[in-house]
Every structure is written in C-alpha cells, then in structure tokens.
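These notes concern the structure reproduced below.
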Amino acid sequence: MTLIPTDLSASRISDAVRDPFREIAASSRVIDLSVGIVVCIPCFRRPDHLRLTLDSLVNQRTPRSFAVVMVENDAAARASAPVAAEYLAAGKLQGICLVEKRQGNCQAINAAFEAAQAVFPAATRFLMIDDDEIASPDWLELMVRTAEATGADVVGGPVLPVFDDDSQPWLARHPAFCPAYDYTGAVPLIYGCGNCLITRAAFERLGGPAFDLKFNFLGGGDCDFFYRGRNAGLIFHWTAEAVITETVPQSRTRLGWIARRGLRIGVINYRVRIKAVQSTAERTRVFAQTLARLPLSLVRSARLLASSKAVVAMHPMLVAVGSALAALGYDPKPYEASKIGS
C-alpha cells in the first residue's frame, strides 16, 4: 500500500490531470495510490441527491479498498463540489473531486475516467454511478467479483427506477426505464454507463477520448463506446444482482418527456450506426434500413397495444421516427446546460 498525504501531493495530482479546463476542487487527506478500483461519479446540479449516492458508497459491503473521482460539471455554481469536499475531508471516502469547465455529458464522463486512470496508476477497474443513483450494499463487490471470475472487459448491471410519483408503477416496464437484461451471464452488449465496470485494458484498446464528443449534448456516448468495444472484440457480462436504483423525478414520468426520450434513443441508434460505416454504399444502406423500419415499427406498436399501455406501445414507433429524423438532420441537445433544470 502506498499512502500519500494530499497536502504534499497536490502538484502530483494536478500533474496527473494536466488539462487547463480541469481543476482539482477537493481531495481526501490521504490517497492510496495502490488501489485497484475507482468509482467515477459525474455531477451536475444535484447536490442533495449526491449525498445519497455517496452514502451508498460509504456503506458498501466489501473488503476491497477503492477510491472515488467526482466531476463537477457546473463550473459556475459548483453546487456539488462542497458536498464532495465534505465527504473527502471527513475521510468517509478517499479520492478527488475535479471541476470540468467544459459542459456536457461526454466531457464530464471523460474527465472522470481520464483522471481516475491518471491519478490512480495501479487501478485496473473503473466503475461508474450517476449522481441521481444509489448503489445497493453489495454492488461494488458483485461487479468486481464478476470481472475477476469471467475476465470480462465490461460488466453491466441493472438500474431500477424509483419514481417520485408512484402512481404509475407500470412505467418500470417501459423500455426507457427497464434494464436491458433480467439474467446474469455473458451478453453481446450493454447500452449505458449508469451502472458499469470498465477495465483499464478496455480503455487502452479503444483509445481516447473514450466518449466521442459528437454525443456530448445528445447523450449516447456510452452506447457508441460499447458498440465500438463490441466491434473490437471486448467481452461483456451482466450481473443482475448488482443493483443500482435511480431516482426518477415526476418531470420524467410525463408523456412529453417519455416521448422525447424515445425519439432521442432513435437518434442515438442512427448516429452510432452511421458512424461505424465507411463507404457511401454502406451509408446508403443504413439510411434505407432506417426508413424501412418506420412501417415495421407501426406494426410492432399496434401489436403491443393488445398487452401494454399506450405509452409503452408507442415506444418502437418513436424510436423509429427518431432514427428517421436523425437521418434527415434532426439534432436534439438535451444535455446542454440551458435545457437542464436539475
């Protein structure tokens, strides 16, 4: 174990970050450079919930030493930074909080993963949890144990919704909230980074920046990263028991938000697919397939109406429409700061 007091190593940490648009806002009094596990937490305007997220990490049931890297992505208000500093200064968690001055989903996540790899050179496994999520007590242990046992490059787990408005529990089955898999085992791909473990070798194999900044305000940088990883031969595994819960505000259970989410998923799907092709012929084929899915999606939605609520049944159609609109130039930017209330 290599312990260093951070008041003697501030310059070393700053050297590791090495980016004029990033600055260290807080660090724990002692940092163990030999830790092999780092939990990354992008933060944006949710300081009260960040406390719940950090408490869930403090209460992890594991004998393993781990560090945290928090990234404040609201450079003006910095509401999350004092919360991060409180937990680090009290020794509840070890690690750092840095400010990423360039706003955007991918900017924040890249800052977290890059800083984690640089500041903690012995770390080989990097987990991520969002600041509106809460980890179950055995989450970290299960994720790391799975990576060890399977040799997977990427491990994913479920993010289960906890609705502020609990009057519509059936929404948990909507594809916008329902986990991709309901079993533990090898999977072809995972689709989100809200509950994931990625190895250092995987980052090195795909190169940087890990999350393409073309997805910075749209979202989907994680989908693109994992899609590229699959094409590069990375191994994926799903651990259904490693549960994270996500607090879903009432604003995200309204029909308008759910419809926009479906459209955005379609846009992301198209952008990821079109980015992966090289020739004009391949791009033309993707474009044609995208348009062909429109009538098929209507049939699928109609069939779902027999057994699902209308808001669930319309999801395939909205995704298909989103992809078609993206092919025609539609470019939503929900992760711009001006469009995010909290």
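Ligands are numbered from 1 in the order shown, residues from 1 within each chain, and chains are lettered A, B, ... in the order they appear in the structure tokens.
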
Test item: residues at most 8 Å from region 329-336 of chain A, only C-alpha atoms, excluding those fewer than 5 positions along its chain, as a PDB file with N, CA, C and O atoms, in the first residue's frame:
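The result, written out as out_12.pdb:
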ATOM      1  N   GLN A 103     -18.807  22.144 -20.438  1.00  0.00           N
ATOM      2  CA  GLN A 103     -20.051  21.476 -20.075  1.00  0.00           C
ATOM      3  C   GLN A 103     -20.432  20.411 -21.099  1.00  0.00           C
ATOM      4  O   GLN A 103     -20.133  20.520 -22.279  1.00  0.00           O
ATOM      5  N   GLY A 104     -21.080  19.368 -20.613  1.00  0.00           N
ATOM      6  CA  GLY A 104     -21.589  18.331 -21.489  1.00  0.00           C
ATOM      7  C   GLY A 104     -21.398  16.955 -20.901  1.00  0.00           C
ATOM      8  O   GLY A 104     -20.460  16.686 -20.137  1.00  0.00           O
ATOM      9  N   ASN A 105     -22.294  16.061 -21.263  1.00  0.00           N
ATOM     10  CA  ASN A 105     -22.310  14.699 -20.745  1.00  0.00           C
ATOM     11  C   ASN A 105     -20.989  13.975 -20.979  1.00  0.00           C
ATOM     12  O   ASN A 105     -20.392  13.402 -20.059  1.00  0.00           O
ATOM     13  N   ASN A 216     -21.876  14.732 -27.075  1.00  0.00           N
ATOM     14  CA  ASN A 216     -21.739  15.463 -25.820  1.00  0.00           C
ATOM     15  C   ASN A 216     -23.054  16.019 -25.298  1.00  0.00           C
ATOM     16  O   ASN A 216     -23.342  15.937 -24.106  1.00  0.00           O
ATOM     17  N   PHE A 217     -23.864  16.610 -26.170  1.00  0.00           N
ATOM     18  CA  PHE A 217     -25.130  17.209 -25.741  1.00  0.00           C
ATOM     19  C   PHE A 217     -26.338  16.360 -26.105  1.00  0.00           C
ATOM     20  O   PHE A 217     -27.440  16.615 -25.634  1.00  0.00           O
ATOM     21  N   LEU A 218     -26.137  15.349 -26.929  1.00  0.00           N
ATOM     22  CA  LEU A 218     -27.212  14.423 -27.288  1.00  0.00           C
ATOM     23  C   LEU A 218     -27.334  13.307 -26.271  1.00  0.00           C
ATOM     24  O   LEU A 218     -28.433  12.867 -25.918  1.00  0.00           O
ATOM     25  N   GLY A 219     -26.210  12.826 -25.741  1.00  0.00           N
ATOM     26  CA  GLY A 219     -26.182  11.586 -24.990  1.00  0.00           C
ATOM     27  C   GLY A 219     -25.887  10.451 -25.943  1.00  0.00           C
ATOM     28  O   GLY A 219     -25.876  10.619 -27.168  1.00  0.00           O
ATOM     29  N   ARG A 264     -35.091  10.429 -28.843  1.00  0.00           N
ATOM     30  CA  ARG A 264     -33.643  10.569 -28.652  1.00  0.00           C
ATOM     31  C   ARG A 264     -32.933   9.227 -28.774  1.00  0.00           C
ATOM     32  O   ARG A 264     -31.836   9.145 -29.335  1.00  0.00           O
ATOM     33  N   VAL A 267     -32.467   8.660 -32.358  1.00  0.00           N
ATOM     34  CA  VAL A 267     -31.381   9.482 -32.898  1.00  0.00           C
ATOM     35  C   VAL A 267     -30.027   8.862 -32.562  1.00  0.00           C
ATOM     36  O   VAL A 267     -29.143   8.751 -33.420  1.00  0.00           O
TER      37      VAL A 267
END

Exercise. Neighbours of region 197-201 of chain A within 6 Å (only C-alpha atoms; same-chain residues fewer than 4 positions away dropped), as a PyMOL selection string?
Worked result: chain A and resi 124-127+153-155

Practice problem: Once DSSP has gone over the backbone, tell me which residues of region 85-259 of chain A are in strand (DSSP E), as an MDAnalysis selection string. | Solution: chainID A and resid 95:100 125:129 133:135 154:156 159:163 185:187 195:199 236:238 244:248

Handout entry: Selection: 10 Å around Tyr183 (chain A), only C-alpha atoms, excl. self and same-chain fewer than 2 positions, as a list in words
Key =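 Near neighbours after the sequence-gap exclusion: Gly157, Pro158, Ala180, Tyr181, Gly185, Ala186, Val187, Trp238, Thr239, Ala240 and Glu241 of chain A.
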
Could you please take those selected residues and save C-alpha atoms as a PDB file, in the first residue's frame?
ATOM      1  CA  GLY A 157     -25.849  -4.199 -14.063  1.00  0.00           C
ATOM      2  CA  PRO A 158     -29.445  -3.051 -13.752  1.00  0.00           C
ATOM      3  CA  ALA A 180     -31.703  -4.428 -20.915  1.00  0.00           C
ATOM      4  CA  TYR A 181     -31.387  -7.915 -19.343  1.00  0.00           C
ATOM      5  CA  GLY A 185     -24.412 -14.045 -17.724  1.00  0.00           C
ATOM      6  CA  ALA A 186     -22.490 -13.185 -20.857  1.00  0.00           C
ATOM      7  CA  VAL A 187     -24.255 -10.637 -23.071  1.00  0.00           C
ATOM      8  CA  TRP A 238     -24.253  -8.734 -16.993  1.00  0.00           C
ATOM      9  CA  THR A 239     -24.697  -9.097 -13.235  1.00  0.00           C
ATOM     10  CA  ALA A 240     -28.376  -8.871 -12.426  1.00  0.00           C
ATOM     11  CA  GLU A 241     -27.772  -8.871  -8.652  1.00  0.00           C
TER      12      GLU A 241
END

**Asked** Where in region 137-239 of chain A does DSSP assign alpha helix (DSSP H), given as a VMD selection string?
**Response** chain A and resid 139 to 150 200 to 206 221 to 231

Ala85 (chain A) proximity check over A:Ala25, A:Val312, A:Ile244, A:Met128, using only C-alpha atoms: winner is A:Ala25

Polymer residues at most 12 Å from Leu305 (chain A), only C-alpha atoms, same-chain spacing of 6 or more positions, as a PyMOL selection string: chain A and resi 298-299+311-317

Write the residues you've just listed into a file as an mmCIF file, in the first residue's frame, and include all heavy atoms for each of them.
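What landed in part_5.cif:
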data_model
loop_
_atom_site.group_PDB
_atom_site.id
_atom_site.type_symbol
_atom_site.label_atom_id
_atom_site.label_comp_id
_atom_site.auth_asym_id
_atom_site.auth_seq_id
_atom_site.Cartn_x
_atom_site.Cartn_y
_atom_site.Cartn_z
ATOM 1 N N LEU A 298 -44.684 0.632 -36.815
ATOM 2 C CA LEU A 298 -46.122 0.831 -36.633
ATOM 3 C C LEU A 298 -46.812 -0.492 -36.346
ATOM 4 O O LEU A 298 -47.693 -0.576 -35.481
ATOM 5 C CB LEU A 298 -46.709 1.481 -37.882
ATOM 6 C CG LEU A 298 -46.278 2.929 -38.164
ATOM 7 C CD1 LEU A 298 -46.820 3.391 -39.505
ATOM 8 C CD2 LEU A 298 -46.747 3.854 -37.050
ATOM 9 N N VAL A 299 -46.408 -1.527 -37.055
ATOM 10 C CA VAL A 299 -46.978 -2.851 -36.834
ATOM 11 C C VAL A 299 -46.641 -3.344 -35.426
ATOM 12 O O VAL A 299 -47.502 -3.867 -34.704
ATOM 13 C CB VAL A 299 -46.451 -3.840 -37.892
ATOM 14 C CG1 VAL A 299 -46.914 -5.263 -37.578
ATOM 15 C CG2 VAL A 299 -46.909 -3.427 -39.285
ATOM 16 N N VAL A 311 -48.555 4.289 -23.797
ATOM 17 C CA VAL A 311 -47.268 4.963 -23.706
ATOM 18 C C VAL A 311 -46.107 3.984 -23.885
ATOM 19 O O VAL A 311 -45.037 4.347 -24.377
ATOM 20 C CB VAL A 311 -47.144 5.719 -22.360
ATOM 21 C CG1 VAL A 311 -47.048 4.758 -21.198
ATOM 22 C CG2 VAL A 311 -45.956 6.670 -22.378
ATOM 23 N N VAL A 312 -46.316 2.723 -23.520
ATOM 24 C CA VAL A 312 -45.309 1.690 -23.745
ATOM 25 C C VAL A 312 -45.343 1.223 -25.199
ATOM 26 O O VAL A 312 -44.307 1.081 -25.855
ATOM 27 C CB VAL A 312 -45.522 0.493 -22.795
ATOM 28 C CG1 VAL A 312 -44.530 -0.625 -23.104
ATOM 29 C CG2 VAL A 312 -45.395 0.935 -21.344
ATOM 30 N N ALA A 313 -46.544 1.032 -25.723
ATOM 31 C CA ALA A 313 -46.695 0.513 -27.079
ATOM 32 C C ALA A 313 -46.136 1.469 -28.125
ATOM 33 O O ALA A 313 -45.666 1.033 -29.183
ATOM 34 C CB ALA A 313 -48.163 0.231 -27.367
ATOM 35 N N MET A 314 -46.173 2.764 -27.855
ATOM 36 C CA MET A 314 -45.718 3.711 -28.869
ATOM 37 C C MET A 314 -44.194 3.834 -28.924
ATOM 38 O O MET A 314 -43.654 4.466 -29.827
ATOM 39 C CB MET A 314 -46.321 5.091 -28.615
ATOM 40 C CG MET A 314 -45.753 5.829 -27.416
ATOM 41 S SD MET A 314 -46.560 7.441 -27.210
ATOM 42 C CE MET A 314 -45.587 8.130 -25.866
ATOM 43 N N HIS A 315 -43.497 3.193 -27.992
ATOM 44 C CA HIS A 315 -42.049 3.356 -27.938
ATOM 45 C C HIS A 315 -41.333 2.899 -29.218
ATOM 46 O O HIS A 315 -40.492 3.641 -29.741
ATOM 47 C CB HIS A 315 -41.484 2.615 -26.720
ATOM 48 C CG HIS A 315 -40.003 2.768 -26.557
ATOM 49 N ND1 HIS A 315 -39.418 3.942 -26.113
ATOM 50 C CD2 HIS A 315 -38.971 1.904 -26.796
ATOM 51 C CE1 HIS A 315 -38.110 3.788 -26.072
ATOM 52 N NE2 HIS A 315 -37.816 2.571 -26.484
ATOM 53 N N PRO A 316 -41.634 1.698 -29.761
ATOM 54 C CA PRO A 316 -40.941 1.305 -31.001
ATOM 55 C C PRO A 316 -41.142 2.309 -32.140
ATOM 56 O O PRO A 316 -40.216 2.585 -32.908
ATOM 57 C CB PRO A 316 -41.560 -0.052 -31.335
ATOM 58 C CG PRO A 316 -42.063 -0.573 -30.033
ATOM 59 C CD PRO A 316 -42.528 0.639 -29.281
ATOM 60 N N MET A 317 -42.343 2.855 -32.235
ATOM 61 C CA MET A 317 -42.626 3.832 -33.279
ATOM 62 C C MET A 317 -41.809 5.109 -33.066
ATOM 63 O O MET A 317 -41.229 5.664 -34.012
ATOM 64 C CB MET A 317 -44.109 4.160 -33.293
ATOM 65 C CG MET A 317 -44.514 5.187 -34.345
ATOM 66 S SD MET A 317 -46.249 5.642 -34.178
ATOM 67 C CE MET A 317 -46.247 6.472 -32.582
#
